Structures are given as structure tokens and as C-alpha cells.
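*Asks:* Sharing a structure with you now.
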Number of protein chains: 2
Amino acid sequence: MAAKATPRKAVVVGAGPVGCLSAISLAKMGWSVEIYERRPDMRLPSSKAAAQQRSINLAISARGIAAIEAIHPNAAGRFLKTVIPMRGRMIHHVSGSQESQLYDKDGQCINSIGRAFMNENLLTEALDIPNIRVLFKHKVASIDFDERIMVVREVDTERDLEIPFDFCVGADGSYSIVRGQLMRVIRMDYQQEYIPHDYLELKMPAGPVVGGEPTYLLDPNHLHIWPRHTFMLIALPNKDKSFTCTLFAPTAEFDRFETPGAIIKFFKAHFSDALPLIGEEALLHDFQQNPRSSLMSVKATPYHYKDRAIILGDAAHAMVPFYGQGLNCGLEDVRVLDILLRAEGVNPASLANGGEDSSLARALARYTESRHEDLVSICELAMDNYVEMRHSVVTPGFLFRRALDNILYTISAKLVASTSLRPTLSREAFPSSTPSAWLPLYTMVTFRPDISYSTARRIASREHRILEVTGWASALIAVSAVGITTITILRRLGLIHPHNTG
Amino acid sequence: MAAKATPRKAVVVGAGPVGCLSAISLAKMGWSVEIYERRPDMRLPSSKAAAQQRSINLAISARGIAAIEAIHPNAAGRFLKTVIPMRGRMIHHVSGSQESQLYDKDGQCINSIGRAFMNENLLTEALDIPNIRVLFKHKVASIDFDERIMVVREVDTERDLEIPFDFCVGADGSYSIVRGQLMRVIRMDYQQEYIPHDYLELKMPAGPVVGGEPTYLLDPNHLHIWPRHTFMLIALPNKDKSFTCTLFAPTAEFDRFETPGAIIKFFKAHFSDALPLIGEEALLHDFQQNPRSSLMSVKATPYHYKDRAIILGDAAHAMVPFYGQGLNCGLEDVRVLDILLRAEGVNPASLANGGEDSSLARALARYTESRHEDLVSICELAMDNYVEMRHSVVTPGFLFRRALDNILYTISAKLVASTSLRPTLSREAFPSSTPSAWLPLYTMVTFRPDISYSTARRIASREHRILEVTGWASALIAVSAVGITTITILRRLGLIHPHNTG
């Protein structure tokens with residue numbers, strides 16, 4: 001088939017942050033891009049209320065920022081400067097006392113950002129590029145991947161449109177329609193799992209006005225946690241000086257909140273310092289108004305079909321929110337795919353419609369092959385971190401291991417320098433498969449986009465074994481020291497004699 | 001709400017064996033039943049060719065028979081007598097020699113039955129009951145469980161019909177639409193997993209005519225297996241004296257069958273005795289004509305929604321076919337549900353449309369709660385049995401443990417009589433939670449419908465540990481005996497002296 005000069009068309013399903021960044025990535029390579037979004041334009045005032053109800057705040061950290069910088073450096077410069085840095089966890093004990101646990105010894109931060117703000121900005125960046133179009137209120141009905149036709153329903157008119165395409169990106173979230181359509185043509189291993197916990201959002205208002213400006217009621221540079229073992233409350237700062245709080249608790253616990261009295265009593269018993277800051281009336285209002293939502297984890301493989309479709313973001317790997325990596329991981333998907341498309345020399349202008357693009361097929365196959373282990377790793381780490389956040393952070397064992405972890409990190413003992421780790425993705429995407437210093441797991445996952453999730457987990461599991469041994473050795477040394485001291489004292493006091501068994 | 005005399009309506013989606021038996025069960029309790037089936041009537045001659053292409057033969061055994069007998073004793077009497085009993089596995093070694101391994105020391109059998117024959121007979125039985133109607137070529141488009149409305153598309157006219165219902169049973173197979181619709185309203189944990197193996201059906205014709213009747217080319221009272229470690233061929237007898245053979249092999253192995261020469265060479269090397277019976281031309285014809293199919297395992301929970309919907313059979317637990325339990329398990333689902341509906345006193349005439357039936361809701365919740373462990377158990381046992389069928393059956397370790405297993409079974413040592421096992425379902429469905437004799441796993445799964453799958457697996461795992469110990473003990477005794485004998489001989493020969501180290 002002869003080469004054609006007009007670029008091929010990519011359809012991106014979903015105008016969330018991952019969809020927008022995918023569109024930017026493809027448009028910059030020369031694809032003609034159309035984004036299809038089921039919901040109305042999120043920039044319209046009428047959409048804002050609905051969007052705000054939707055979900056917990058986003059925490060953007062090094063991985064997400066690295067992805068945006070790699071794809072569209074200007075965007076990162078323009079809107080990422082307005083985030084609120086959070087340097088650590090602020091643990092709120094039952095007594096009401098607060099304890100700061102920094103995330104990183106060198107002061108690296110995660111950042112609170114409004115979901116709507118983030119999304120609007122990425123969309124604006126995308127629409128500044130001439131070869132990107134977005135169609136709101138267009139819902140995908142079905143996709144014929146072999147014929148490369150997507151049927152889209154206009155929500156207002158209920159009219160069905162047949163959209164021809166060359167390449168389809170599904171960035172349409174946990175309940176992805178693109179994924180469902182892909183499952184009809186490929187043998188997809190798929191797992192969705194709900195945890196038996198729900199969440200509910202609560203608003204903590206801004207504090208008193210000082211010098212003409214409202215103030216924060218809590219330190220804005222921390223992620224606040226009230227860990228209560230089986231449940232927890234967290235709070236993230238917003239630009240308007242309010243906090244968004246989220247209560248995570250077992251479904252059975254939520255079922256007990258039947259009366260206003262039960263809710264107030266629960267908050268008085270467990271979150272006595274947060275209750276007056278939220279306010280009893282506002283608390284009851286939010287309990288009545290806000291949806292109580294579920295938490296689901298999704299795993300899938302493969303993510304692609306031949307040379308014509310791929311799923312990214314929550315569509316491929318919805319995860320529980322406890323590592324703050326959901327969005328970061330989705331943006332990283334785009335960075336990894338971008339690298340692979342360029343590495344395989346995919347050229348959107350080099351092929352007429354209808355032909356097979358073997359370089360694109362190869363890039364997508366490499367994506368599935370190399371990305372799966374990382375996506376499973378972060379889904380499982382996110383699940384594990386729920387126990388850490390609501391329970392472990394206040395246990396002596398955790399604090400002791402964490403202290404040891406940080407000591408080793410500080411003295412950078414090069415303990416892992418000699419370990420040989422199987423590289424899980426092209427060196428270009430994750431150059432550090434063997435970091436040369438001791439790094440805590442949280443640091444690797446959150447602050448080191450040059451280390452893949454699976455490498456981070458593999459290194460951490462080795463480090464964990466070393467910490468266990470070191471911990472036991474330290475304990476043994478401590479016990480021995482106490483023993484020797486005691487014997488010495490007893491001897492000095494003349495209460496025992498040397499060699500008194502002889 | 002006042003009671004109404006007209007019975008409530010149950011819609012059953014899928015007219016396969018599980019759908020038909022469900023319809024019979026509900027109709028006999030007094031429900032007005034409508035079965036909706038996407039395909040044309042399987043009794044029409046035009047449907048038969050398509051049906052025959054569809055899938056490997058069925059093996060019906062005690063669990064399936066017990067279920068049909070419990071729901072509709074007449075049916076069992078009428079058509080189950082035409083099955084072909086298979087007393088054991090016939091292992092075909094590479095050398096061409098055959099070895100019979102009986103399934104049961106008391107001669108119990110599994111039975112080969114044509115899928116179409118089985119389905120037609122159960123459907124005929126269902127349609128003999130006045131309050132059952134079946135609608136073919138009606139495909140479910142969507143279900144509003146809260147409004148109790150099912151939208152069904154007439155395949156020929158493409159017209160959508162709104163079908164009101166009180167209770168919906170999804171018996172619509174591995175790719176169930178009812179399950180997909182349920183996942184929109186309940187938090188269903190769901191997993192589908194493909195194994196990296198495919199299968200292809202081949203026909204072995206009837207043999208020479210003797211006394212006016214064709215004959216079988218192989219012993220019809222065995223399930224024939226050619227175990228070749230990473231792949232295998234099996235053959236089940238048909239009433240017309242032919243066999244249906246199925247080749248199971250890794251996807252990568254199938255990819256190598258590119259030329260007729262490669263196929264013939266493969267069969268000559270591995271199935272040299274089967275090749276002349278199938279015939280080279282017929283083999284190549286089947287390779288070209290018959291679909292190469294995938295093997296998928298499905299796990300889900302919960303299976304129900306409130307008082308209005310449940311999924312049964314493959315829709316709830318598609319499994320790989322290696323334990324011959326897929327159909328048996330689906331029919332058992334119906335027996336278990338029947339018991340629970342009766343136990344909770346569900347009465348289809350006692351409630352007007354639109355009200356909530358708490359007894360039905362209770363019965364369905366009890367089904368999910370009690371059935372899940374059994375369904376996961378049999379899905380996993382089926383997966384394990386693939387390794388046994390294609391590999392273990394010819395290994396010395398397997399043969400030794402199997403011999404021991406049978407010895408213990410024969411002497412019925414009451415070894416497990418005192419173990420206390422958690423009953424996993426109402427005593428009524430599975431009375432034997434603690435069988436009083438030693439029973440091999442295969443016997444419990446295949447011939448003891450009074451023992452649930454999960455109980456069978458739990459007992460077998462204990463027995464396995466005992467067998468391991470017994471096996472090692474026997475080996476130790478054998479080695480000691482050889483050692484003592486050798487020493488005695490050496491002494492007699494004067495080659496060593498007693499106490500020669502003293």
C-alpha cells in the first residue's frame with residue numbers, strides 16, 4: 001500500500017488527566033487526535049459541582065511530574081507551581097497530640113492538588129495544540145477493532161456516530177468501556193476486587209481571617225492522618241485554606257452511623273481534635289449529602305490489541321488510594337508508552353489507513369510485556385499501605401524499623417550496589433535498576449521515577465530482610481548489654497561471685 | 001401489600017442444561033417461568049451443525065445425575081440410561097501400548113453424553129411443564145434490576161422488548177450478560193484467567209461393520225488419554241461408534257502447525273496409534289475446519305443481588321474441563337439453590353409484584369455464602385488436574401501414591417472418621433462432611449455428591465500429607481530391608497565381620 005501524507009487518526013477515550021496527557025503525547029508525534037468524553041466539559045460552571053463531589057484530592061509526586069515534564073515541559077512549568085507541598089505525615093494521636101513523620105530526609109515532598117484544577121489545566125494545554133479536538137457528551141457504545149470503527153452516542157441527541165480510527169487509547173477509568181470491548185477480542189486475564197471498606201468525604205473549612213486572609217486550621221504542609229487501626233481519617237490541604245477530609249472505615253462500621261447521635265459520638269471518641277474544626281453541623285450535613293463510595297482494585301493483561309488499541313491509567317490498573325500513586329502511575333503509563341513508540345520509530349504519517357503498522361504493534365506488545373509487573377506491584381503496594389497508614393504508623397515495631405531504615409539511608413551504605421536486578425523495562429524509561437545507596441521503599445516509590453515500581457518492591461523486600469536481621473541483632477545486643485551490666489552491678493555489690501558454679 | 005394469587009414471574013437467561021434445570025426447579029415450586037435464549041432452537045436441523053462444532057463432549061457423573069434426580073426424577077429415568085459409561089482412563093503410551101486405570105475400585109463410572117442430546121432432552125422435559133415458556137433468538141440487551149425490567153432484543157426483527165420480571169436467573173455461560181449487568185449494581189469480586197493452552201476437536205470415525213453394525217475402534221468404556229507431559233490428546237465415545245478426540249496443547253505448540261506436513265509429523269511422533277484410526281486426510285480436514293479454542297477460568301462473588309437475581313453454572317464459575325465437572329457443578333448449583341429456596345419457604349404466589357421478598361433474599365444470600373468455597377475449590381481442582389492428566393499419570397511417584405491411596409481406600413481404615421470438618425453448606429445439601437472411610441480425591445469429587453467440593457479438597461489435602469509420610473516410611477522400610485539383607489548376605493559370605501569396627 002502506498003504511503004499517504006495525511007496523518008493517521010488516534011481516538012482517546014476519556015478526557016481525564018491520563019487521556020489529556022496521552023493526547024498531547026500522540027499529537028506531538030504527529031497523530032491527528034480526537035478525545036471523546038462522556039461527561040460535559042468540566043470547565044463549565046454547571047459541571048464543577050458534580051466534579052467536586054467525585055473523589056478524594058489528588059497527590060501528585062515525582063513520577064507524575066516527571067511524566068508531564070517528559071511529554072510537555074511547558075505545562076509542568078505553568079501549572080504545577082500552584083500545588084501545596086506536603087513534607088510528611090502528621091499523625092494525630094487519640095490524646096489529641098500531633099507527631100510529624102517526614103517523608104524524606106532531604107525534604108522531598110508530595111503535593112496536594114485539586115482534581116478539577118489539574119484536569120482543566122491539562123485539557124487547556126491539550127487544546128492549545130492544533131491537531132487535538134475534544135468532543136464532550138459523547139459516550140462510546142461499541143468498538144470494532146478489526147474494522148477500526150468506534151460507535152459513539154451523542155448524549156444529548158441519542159444519535160449514534162461511526163468514528164473511523166487508526167489507533168485507540170482507552171483512558172476511561174476503572175469501569176472502562178474500551179477495556180470491556182477489548183475483552184471481546186483478546187484473551188484478557190482480568191481481576192477486580194473490592195476491599196470491604198468504604199470512604200466518605202468531609203469538608204474542614206478555612207480558619208479565622210488574619211490580615212485580610214483566611215488561615216489554615218491545621219499545618220498545610222502535612223498530610224494529616226488519624227490512624228485508628230481498623231479505620232482512619234485523613235486530611236489534605238486546599239488552596240482556599242480548607243482541608244478535604246476522608247473517612248476510611250469497614251463497611252460494617254459505616255452501617256452503624258444510623259443516627260446523628262451515633263456519628264457525633266464516634267467522632268468525639270476517635271477524632272476529638274478534628275470534630276470542632278469540622279463542626280458538628282457540617283459533619284452531619286456531609287454524612288447526609290456525600291456519597292459513600294467503594295474501593296476497587298483492577299488488574300489486567302494484556303493491555304493492548306495488535307497495532308490498534310491500548311488501555312492506560314485506571315482502565316488498566318485501578319488501585320486503592322493509599323500510596324497516592326493512582327494518578328502518578330497513570331501519567332507514567334503515558335511516559336513509558338511515549339518512549340516505546342519513539343524507540344520503535346512509529347510514524348503516524350507513514351501508512352495508509354487499513355494497513356498493519358508492525359512498529360506500532362511491536363511498541364504496544366513491548367508495553368504490555370514490560371509494564372505488567374510494575375502495575376501489579378503498585379496495586380499491591382497500595383493495598384499493603386492501607387494497613388500501614390491506619391495501623392502500623394503508631395506501632396513501636398514500625399517506628400523502630402523506620403528509624404533504622406532512615407539511619408541506613410543517611411549513611412548510604414551502598415549495601416545494594418552489588419545486587420543484580422533483572423531490568424523490567426527499557427533502560428531509557430527506568431535507568432536505575434540498581435540504585436547505589438540504601439533507599440527506603442516509600443522514597444523509591446514516591447520520589448524516584450528513575451526506579452520502576454517492581455524494582456522498588458524487589459529492593460525493598462531485600463532491605464526488609466536485612467532490617468529484620470539488623471533489628472533482631474540490635475535487640476540481641478541491647479539485651480546482652482543489659483545482661484552484662486546487670487551481672488557487673490551484682491558482682492560489684494558482692495551478690496554474685498565470679499565462677500560461682502565452679 | 002396484599003397477597004396475590006397469580007404466581008410471580010422468573011426469567012431464566014440461557015436454555016442450556018443449567019438454564020433448563022433451573023426452569024424446571026422454579027416451575028415445580030409454582031413460578032411462572034420464561035426462558036430467553038440468544039441462539040435458535042437447538043432441536044431444529046439447521047442448528048445442529050453449529051451446536052456440534054461448539055465444544056468437547058460432556059462427561060456426566062454422580063453429581064449431575066443426583067441434581068437431575070433431585071429436581072425432576074422422571075427426566076433422569078428417561079434419558080440418562082442412554083449414556084456410555086467410562087470405567088477408567090485408558091493411557092496410550094508413546095510405544096503404542098495401552099494401560100487401563102480404573103476410576104473406582106467398586107466399578108463406578110463417569111458417562112459420555114452428547115452435549116446436544118443432553119440439552120435437547122432437558123429442554124423437552126422443561127417444555128412438558130405447563131408454566132414454562134421458551135423464547136429463542138431473544139438476546140438480553142440490559143437489565144434494570146431495581147425496576148425489575150429486562151430489555152431483550154428479538155434477533156430477527158432487531159426489536160427491543162421490555163420484559164418485567166420478579167426473579168432473574170443468569171445461566172448464560174462464561175461470557176454471561178446477566179453477570180455483566182449485575183456487576184453494574186453490586187460490588188462483585190471477579191476474576192477471569194486464560195491458560196496459555198488451546199484445544200481443537202478431531203473426529204475418529206466408527207470402525208468396520210460387523211454383523212450389520214459399525215464397531216468402535218477403541219474400547220468405548222474408557223476415557224482415552226495420550227499424555228505427553230506438555231500436551232495431550234483425549235477421546236470420548238459417541239453413540240454412533242465414533243470418538244470425539246480433543247488435542248490440548250500450549251498456544252505456542254499450535255502455532256507450529258503451519259503446514260500439513262508439520263501436523264502429520266507431530267501426530268506420527270506422538271500419537272502413532274491414533275493417527276491411522278483418525279486418518280491423515282480427516283485429521284488435516286479437522287485442523288483446517290474446526291475452531292481452535294481458548295480455555296478460561298472464572299471466579300466471582302457474590303452471585304446474587306437482593307431478592308431478584310442470581311447467576312448459576314458457567315456464568316458464575318467457568319472452569320477448565322480437566323475434571324469433567326463443569327456441567328455437573330452447574331447442575332449441582334440448581335440442586336443447592338432448590339434446597340435453599342425450599343428451606344427458606346419462598347412462595348412465588350405470596351407476594352404482589354414490586355414488594356421485597358425477604359425469604360428469597362435470605363435464600364440467595366445463603367447460596368452465595370455457602371457455595372463460594374465449593375466453586376473456588378472445583379475451579380482450582382480442575383486446573384490442577386490438567387497437570388495430572390497430561391503428565392503425572394505416567395510418573396512413578398503418581399502410580400505409587402495412587403496404589404497406596406487405593407490400598408487405604410480398600411481397607412477403609414476409618415482414618416478420617418475422627419477429624420472434625422467445618423460444614424460448608426446446609427447438612428441437607430451435603431450430608432457427609434466427615435466420611436467415615438478413606439476416600440481418594442477423585443472418588444469424592446466424582447462419585448460422592450453427598451460430599452461438597454471444598455470438603456473433598458480439605459480431606460484430600462490431609463490424606464495427601466498422610467500419603468507423603470506413609471510413602472516415605474514405606475521407602476525407608478524398603479531401603480532398610482535391602483540394607484539388612486545385603487549385610488546379612490555379606491556376612492554369610494564372610495566378607496564382613498560382626499562388630500568389625502570394635
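Please note that chains go A, B, ... in the order of the C-alpha cells, that every chain numbers its residues from 1, and that ligands are numbered from 1 in the order shown.
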Find the residues in chain B near chain A: any atom within 9 Å counts, using only C-alpha atoms. Write them as a list in words.

*Replies:*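 Taking only C-alpha atoms into account, Arg187, Met188, Asp189, Tyr190, Gln191, Gln192, Glu193, Tyr194, Ser294 and Met296 of chain B sit within 9 Å of chain A.
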
*Asks:* Selection from above, all heavy atoms, as a PDB file, in the first residue's frame, can you write it?

*Replies:*
ATOM      1  N   ARG B 187     -21.043  -4.881  44.151  1.00  0.00           N
ATOM      2  CA  ARG B 187     -19.589  -4.901  44.206  1.00  0.00           C
ATOM      3  C   ARG B 187     -19.124  -6.339  44.034  1.00  0.00           C
ATOM      4  O   ARG B 187     -18.914  -7.047  45.011  1.00  0.00           O
ATOM      5  CB  ARG B 187     -19.111  -4.375  45.560  1.00  0.00           C
ATOM      6  CG  ARG B 187     -19.547  -2.958  45.825  1.00  0.00           C
ATOM      7  CD  ARG B 187     -18.990  -2.485  47.141  1.00  0.00           C
ATOM      8  NE  ARG B 187     -19.508  -1.165  47.454  1.00  0.00           N
ATOM      9  CZ  ARG B 187     -19.180  -0.482  48.530  1.00  0.00           C
ATOM     10  NH1 ARG B 187     -18.340  -0.998  49.414  1.00  0.00           N
ATOM     11  NH2 ARG B 187     -19.683   0.715  48.742  1.00  0.00           N
ATOM     12  N   MET B 188     -19.007  -6.755  42.793  1.00  0.00           N
ATOM     13  CA  MET B 188     -18.651  -8.148  42.563  1.00  0.00           C
ATOM     14  C   MET B 188     -17.134  -8.303  42.426  1.00  0.00           C
ATOM     15  O   MET B 188     -16.520  -7.658  41.589  1.00  0.00           O
ATOM     16  CB  MET B 188     -19.330  -8.655  41.288  1.00  0.00           C
ATOM     17  CG  MET B 188     -19.192 -10.171  41.107  1.00  0.00           C
ATOM     18  SD  MET B 188     -19.792 -10.735  39.489  1.00  0.00           S
ATOM     19  CE  MET B 188     -21.564 -10.664  39.716  1.00  0.00           C
ATOM     20  N   ASP B 189     -16.548  -9.141  43.267  1.00  0.00           N
ATOM     21  CA  ASP B 189     -15.167  -9.541  43.036  1.00  0.00           C
ATOM     22  C   ASP B 189     -15.208 -10.516  41.874  1.00  0.00           C
ATOM     23  O   ASP B 189     -15.997 -11.475  41.890  1.00  0.00           O
ATOM     24  CB  ASP B 189     -14.572 -10.235  44.273  1.00  0.00           C
ATOM     25  CG  ASP B 189     -14.270  -9.245  45.385  1.00  0.00           C
ATOM     26  OD1 ASP B 189     -14.328  -8.022  45.123  1.00  0.00           O
ATOM     27  OD2 ASP B 189     -13.982  -9.686  46.499  1.00  0.00           O
ATOM     28  N   TYR B 190     -14.373 -10.269  40.880  1.00  0.00           N
ATOM     29  CA  TYR B 190     -14.471 -11.057  39.659  1.00  0.00           C
ATOM     30  C   TYR B 190     -13.078 -11.327  39.110  1.00  0.00           C
ATOM     31  O   TYR B 190     -12.223 -10.460  39.128  1.00  0.00           O
ATOM     32  CB  TYR B 190     -15.291 -10.290  38.610  1.00  0.00           C
ATOM     33  CG  TYR B 190     -15.302 -10.956  37.263  1.00  0.00           C
ATOM     34  CD1 TYR B 190     -16.090 -12.077  37.056  1.00  0.00           C
ATOM     35  CD2 TYR B 190     -14.500 -10.500  36.226  1.00  0.00           C
ATOM     36  CE1 TYR B 190     -16.084 -12.722  35.819  1.00  0.00           C
ATOM     37  CE2 TYR B 190     -14.477 -11.144  34.995  1.00  0.00           C
ATOM     38  CZ  TYR B 190     -15.278 -12.250  34.805  1.00  0.00           C
ATOM     39  OH  TYR B 190     -15.261 -12.888  33.596  1.00  0.00           O
ATOM     40  N   GLN B 191     -12.862 -12.536  38.638  1.00  0.00           N
ATOM     41  CA  GLN B 191     -11.570 -12.872  38.044  1.00  0.00           C
ATOM     42  C   GLN B 191     -11.774 -13.779  36.846  1.00  0.00           C
ATOM     43  O   GLN B 191     -12.482 -14.779  36.940  1.00  0.00           O
ATOM     44  CB  GLN B 191     -10.701 -13.582  39.089  1.00  0.00           C
ATOM     45  CG  GLN B 191      -9.306 -13.865  38.581  1.00  0.00           C
ATOM     46  CD  GLN B 191      -8.402 -14.471  39.642  1.00  0.00           C
ATOM     47  OE1 GLN B 191      -8.861 -14.893  40.695  1.00  0.00           O
ATOM     48  NE2 GLN B 191      -7.121 -14.524  39.361  1.00  0.00           N
ATOM     49  N   GLN B 192     -11.174 -13.443  35.729  1.00  0.00           N
ATOM     50  CA  GLN B 192     -11.147 -14.379  34.601  1.00  0.00           C
ATOM     51  C   GLN B 192      -9.700 -14.579  34.197  1.00  0.00           C
ATOM     52  O   GLN B 192      -8.914 -13.639  34.192  1.00  0.00           O
ATOM     53  CB  GLN B 192     -11.990 -13.879  33.430  1.00  0.00           C
ATOM     54  CG  GLN B 192     -11.472 -12.631  32.751  1.00  0.00           C
ATOM     55  CD  GLN B 192     -12.339 -12.234  31.559  1.00  0.00           C
ATOM     56  OE1 GLN B 192     -13.565 -12.192  31.655  1.00  0.00           O
ATOM     57  NE2 GLN B 192     -11.712 -11.954  30.429  1.00  0.00           N
ATOM     58  N   GLU B 193      -9.359 -15.826  33.930  1.00  0.00           N
ATOM     59  CA  GLU B 193      -7.963 -16.159  33.672  1.00  0.00           C
ATOM     60  C   GLU B 193      -7.901 -17.180  32.538  1.00  0.00           C
ATOM     61  O   GLU B 193      -8.557 -18.209  32.593  1.00  0.00           O
ATOM     62  CB  GLU B 193      -7.390 -16.776  34.965  1.00  0.00           C
ATOM     63  CG  GLU B 193      -5.906 -16.994  34.939  1.00  0.00           C
ATOM     64  CD  GLU B 193      -5.436 -17.794  36.163  1.00  0.00           C
ATOM     65  OE1 GLU B 193      -6.231 -18.029  37.093  1.00  0.00           O
ATOM     66  OE2 GLU B 193      -4.265 -18.188  36.151  1.00  0.00           O
ATOM     67  N   TYR B 194      -7.126 -16.867  31.514  1.00  0.00           N
ATOM     68  CA  TYR B 194      -6.920 -17.805  30.414  1.00  0.00           C
ATOM     69  C   TYR B 194      -5.679 -18.634  30.707  1.00  0.00           C
ATOM     70  O   TYR B 194      -4.690 -18.107  31.214  1.00  0.00           O
ATOM     71  CB  TYR B 194      -6.731 -17.056  29.102  1.00  0.00           C
ATOM     72  CG  TYR B 194      -8.004 -16.432  28.582  1.00  0.00           C
ATOM     73  CD1 TYR B 194      -8.379 -15.152  28.949  1.00  0.00           C
ATOM     74  CD2 TYR B 194      -8.841 -17.148  27.737  1.00  0.00           C
ATOM     75  CE1 TYR B 194      -9.556 -14.577  28.474  1.00  0.00           C
ATOM     76  CE2 TYR B 194     -10.020 -16.587  27.253  1.00  0.00           C
ATOM     77  CZ  TYR B 194     -10.363 -15.308  27.633  1.00  0.00           C
ATOM     78  OH  TYR B 194     -11.526 -14.750  27.166  1.00  0.00           O
ATOM     79  N   SER B 294      -9.978 -21.326  23.201  1.00  0.00           N
ATOM     80  CA  SER B 294      -9.233 -20.984  24.409  1.00  0.00           C
ATOM     81  C   SER B 294      -9.863 -21.651  25.631  1.00  0.00           C
ATOM     82  O   SER B 294     -10.970 -22.180  25.570  1.00  0.00           O
ATOM     83  CB  SER B 294      -9.239 -19.475  24.588  1.00  0.00           C
ATOM     84  OG  SER B 294     -10.576 -19.022  24.706  1.00  0.00           O
ATOM     85  N   MET B 296     -10.731 -20.873  29.650  1.00  0.00           N
ATOM     86  CA  MET B 296     -10.814 -19.797  30.611  1.00  0.00           C
ATOM     87  C   MET B 296     -11.421 -20.274  31.919  1.00  0.00           C
ATOM     88  O   MET B 296     -12.292 -21.123  31.939  1.00  0.00           O
ATOM     89  CB  MET B 296     -11.673 -18.667  30.037  1.00  0.00           C
ATOM     90  CG  MET B 296     -11.734 -17.445  30.937  1.00  0.00           C
ATOM     91  SD  MET B 296     -12.712 -16.072  30.240  1.00  0.00           S
ATOM     92  CE  MET B 296     -14.368 -16.722  30.354  1.00  0.00           C
TER      93      MET B 296
END

*Asks:* Excluding range 271-283 of chain A and its own-chain neighbours fewer than 3 positions away, which residues fall within 6 Å of it when counting only C-alpha atoms? Please give them as a PyMOL selection string.

*Replies:* chain A and resi 96+204+267-268+286

*Asks:* Taking C-alpha atoms for each residue, export the selection above as a compact mmCIF listing (two decimals), in the first residue's frame.

*Replies:*
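What follows is the written file result.txt:
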# COMPACT_ATOMS: atom_id res chain seq x y z
CA GLY A 96 -5.02 14.92 70.56
CA MET A 204 -12.92 21.12 57.07
CA PHE A 267 -16.09 11.40 66.19
CA LYS A 268 -15.90 12.50 69.84
CA ASP A 286 -21.66 15.89 54.75

*Asks:* I need the helix (DSSP H, G or I) residues of range 193-342 of chain B per DSSP on the backbone, written as a PyMOL selection string.

*Replies:* chain B and resi 251-255+260-270+274-278+280-289+314-317+321-323+326-342

*Asks:* Take the selection from the previous step and output its residues with C-alpha atoms, as a PDB file, in the first residue's frame.

*Replies:*
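The result, written out as again22.pdb:
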ATOM      1  CA  THR B 251      -0.667 -21.991  22.238  1.00  0.00           C
ATOM      2  CA  ALA B 252       2.942 -21.868  21.017  1.00  0.00           C
ATOM      3  CA  GLU B 253       2.735 -25.558  20.008  1.00  0.00           C
ATOM      4  CA  PHE B 254      -0.414 -24.903  17.944  1.00  0.00           C
ATOM      5  CA  ASP B 255       1.367 -22.025  16.225  1.00  0.00           C
ATOM      6  CA  PRO B 260       0.044 -30.304   6.619  1.00  0.00           C
ATOM      7  CA  GLY B 261       3.491 -31.892   6.857  1.00  0.00           C
ATOM      8  CA  ALA B 262       4.106 -30.442  10.328  1.00  0.00           C
ATOM      9  CA  ILE B 263       0.752 -31.760  11.601  1.00  0.00           C
ATOM     10  CA  ILE B 264       1.262 -35.281  10.260  1.00  0.00           C
ATOM     11  CA  LYS B 265       4.838 -35.375  11.562  1.00  0.00           C
ATOM     12  CA  PHE B 266       3.658 -34.321  15.029  1.00  0.00           C
ATOM     13  CA  PHE B 267       0.949 -36.994  15.127  1.00  0.00           C
ATOM     14  CA  LYS B 268       3.337 -39.674  13.840  1.00  0.00           C
ATOM     15  CA  ALA B 269       5.843 -38.827  16.559  1.00  0.00           C
ATOM     16  CA  HIS B 270       3.411 -38.550  19.487  1.00  0.00           C
ATOM     17  CA  ALA B 274      -4.264 -42.717  16.936  1.00  0.00           C
ATOM     18  CA  LEU B 275      -3.207 -41.350  13.559  1.00  0.00           C
ATOM     19  CA  PRO B 276      -4.294 -44.344  11.405  1.00  0.00           C
ATOM     20  CA  LEU B 277      -7.609 -44.515  13.323  1.00  0.00           C
ATOM     21  CA  ILE B 278      -8.391 -40.843  12.664  1.00  0.00           C
ATOM     22  CA  GLU B 280      -4.490 -38.404   7.734  1.00  0.00           C
ATOM     23  CA  GLU B 281      -6.965 -36.741   5.401  1.00  0.00           C
ATOM     24  CA  ALA B 282      -9.657 -36.374   8.087  1.00  0.00           C
ATOM     25  CA  LEU B 283      -7.066 -35.044  10.532  1.00  0.00           C
ATOM     26  CA  LEU B 284      -5.950 -32.322   8.134  1.00  0.00           C
ATOM     27  CA  HIS B 285      -9.583 -31.506   7.324  1.00  0.00           C
ATOM     28  CA  ASP B 286     -10.431 -31.045  11.020  1.00  0.00           C
ATOM     29  CA  PHE B 287      -7.328 -28.934  11.619  1.00  0.00           C
ATOM     30  CA  GLN B 288      -8.455 -26.639   8.830  1.00  0.00           C
ATOM     31  CA  GLN B 289     -12.198 -26.566   9.592  1.00  0.00           C
ATOM     32  CA  ASP B 314     -20.530 -21.224  33.807  1.00  0.00           C
ATOM     33  CA  ALA B 315     -21.797 -17.667  34.281  1.00  0.00           C
ATOM     34  CA  ALA B 316     -20.661 -17.969  37.904  1.00  0.00           C
ATOM     35  CA  HIS B 317     -17.746 -20.391  37.628  1.00  0.00           C
ATOM     36  CA  PRO B 321     -12.566 -29.063  31.511  1.00  0.00           C
ATOM     37  CA  PHE B 322      -9.967 -31.342  33.106  1.00  0.00           C
ATOM     38  CA  TYR B 323     -12.013 -32.695  35.997  1.00  0.00           C
ATOM     39  CA  GLY B 326     -18.182 -28.155  34.631  1.00  0.00           C
ATOM     40  CA  LEU B 327     -21.673 -29.372  33.776  1.00  0.00           C
ATOM     41  CA  ASN B 328     -22.002 -31.474  36.931  1.00  0.00           C
ATOM     42  CA  CYS B 329     -21.189 -28.467  39.071  1.00  0.00           C
ATOM     43  CA  GLY B 330     -23.663 -26.268  37.200  1.00  0.00           C
ATOM     44  CA  LEU B 331     -26.455 -28.807  37.708  1.00  0.00           C
ATOM     45  CA  GLU B 332     -25.472 -29.084  41.378  1.00  0.00           C
ATOM     46  CA  ASP B 333     -25.866 -25.279  41.660  1.00  0.00           C
ATOM     47  CA  VAL B 334     -29.533 -25.801  40.796  1.00  0.00           C
ATOM     48  CA  ARG B 335     -29.930 -28.557  43.392  1.00  0.00           C
ATOM     49  CA  VAL B 336     -28.340 -26.410  46.108  1.00  0.00           C
ATOM     50  CA  LEU B 337     -30.456 -23.365  45.217  1.00  0.00           C
ATOM     51  CA  ASP B 338     -33.594 -25.533  45.151  1.00  0.00           C
ATOM     52  CA  ILE B 339     -32.867 -26.773  48.679  1.00  0.00           C
ATOM     53  CA  LEU B 340     -32.259 -23.240  49.990  1.00  0.00           C
ATOM     54  CA  LEU B 341     -35.393 -21.787  48.351  1.00  0.00           C
ATOM     55  CA  ARG B 342     -37.458 -24.542  49.946  1.00  0.00           C
TER      56      ARG B 342
END

*Asks:* Can you tell me how far CA of Gly107 in chain B sits from CA of Phe447 in chain B, in Å to one decimal?

*Replies:*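 Here the two named atoms are 10.6 Å from each other.
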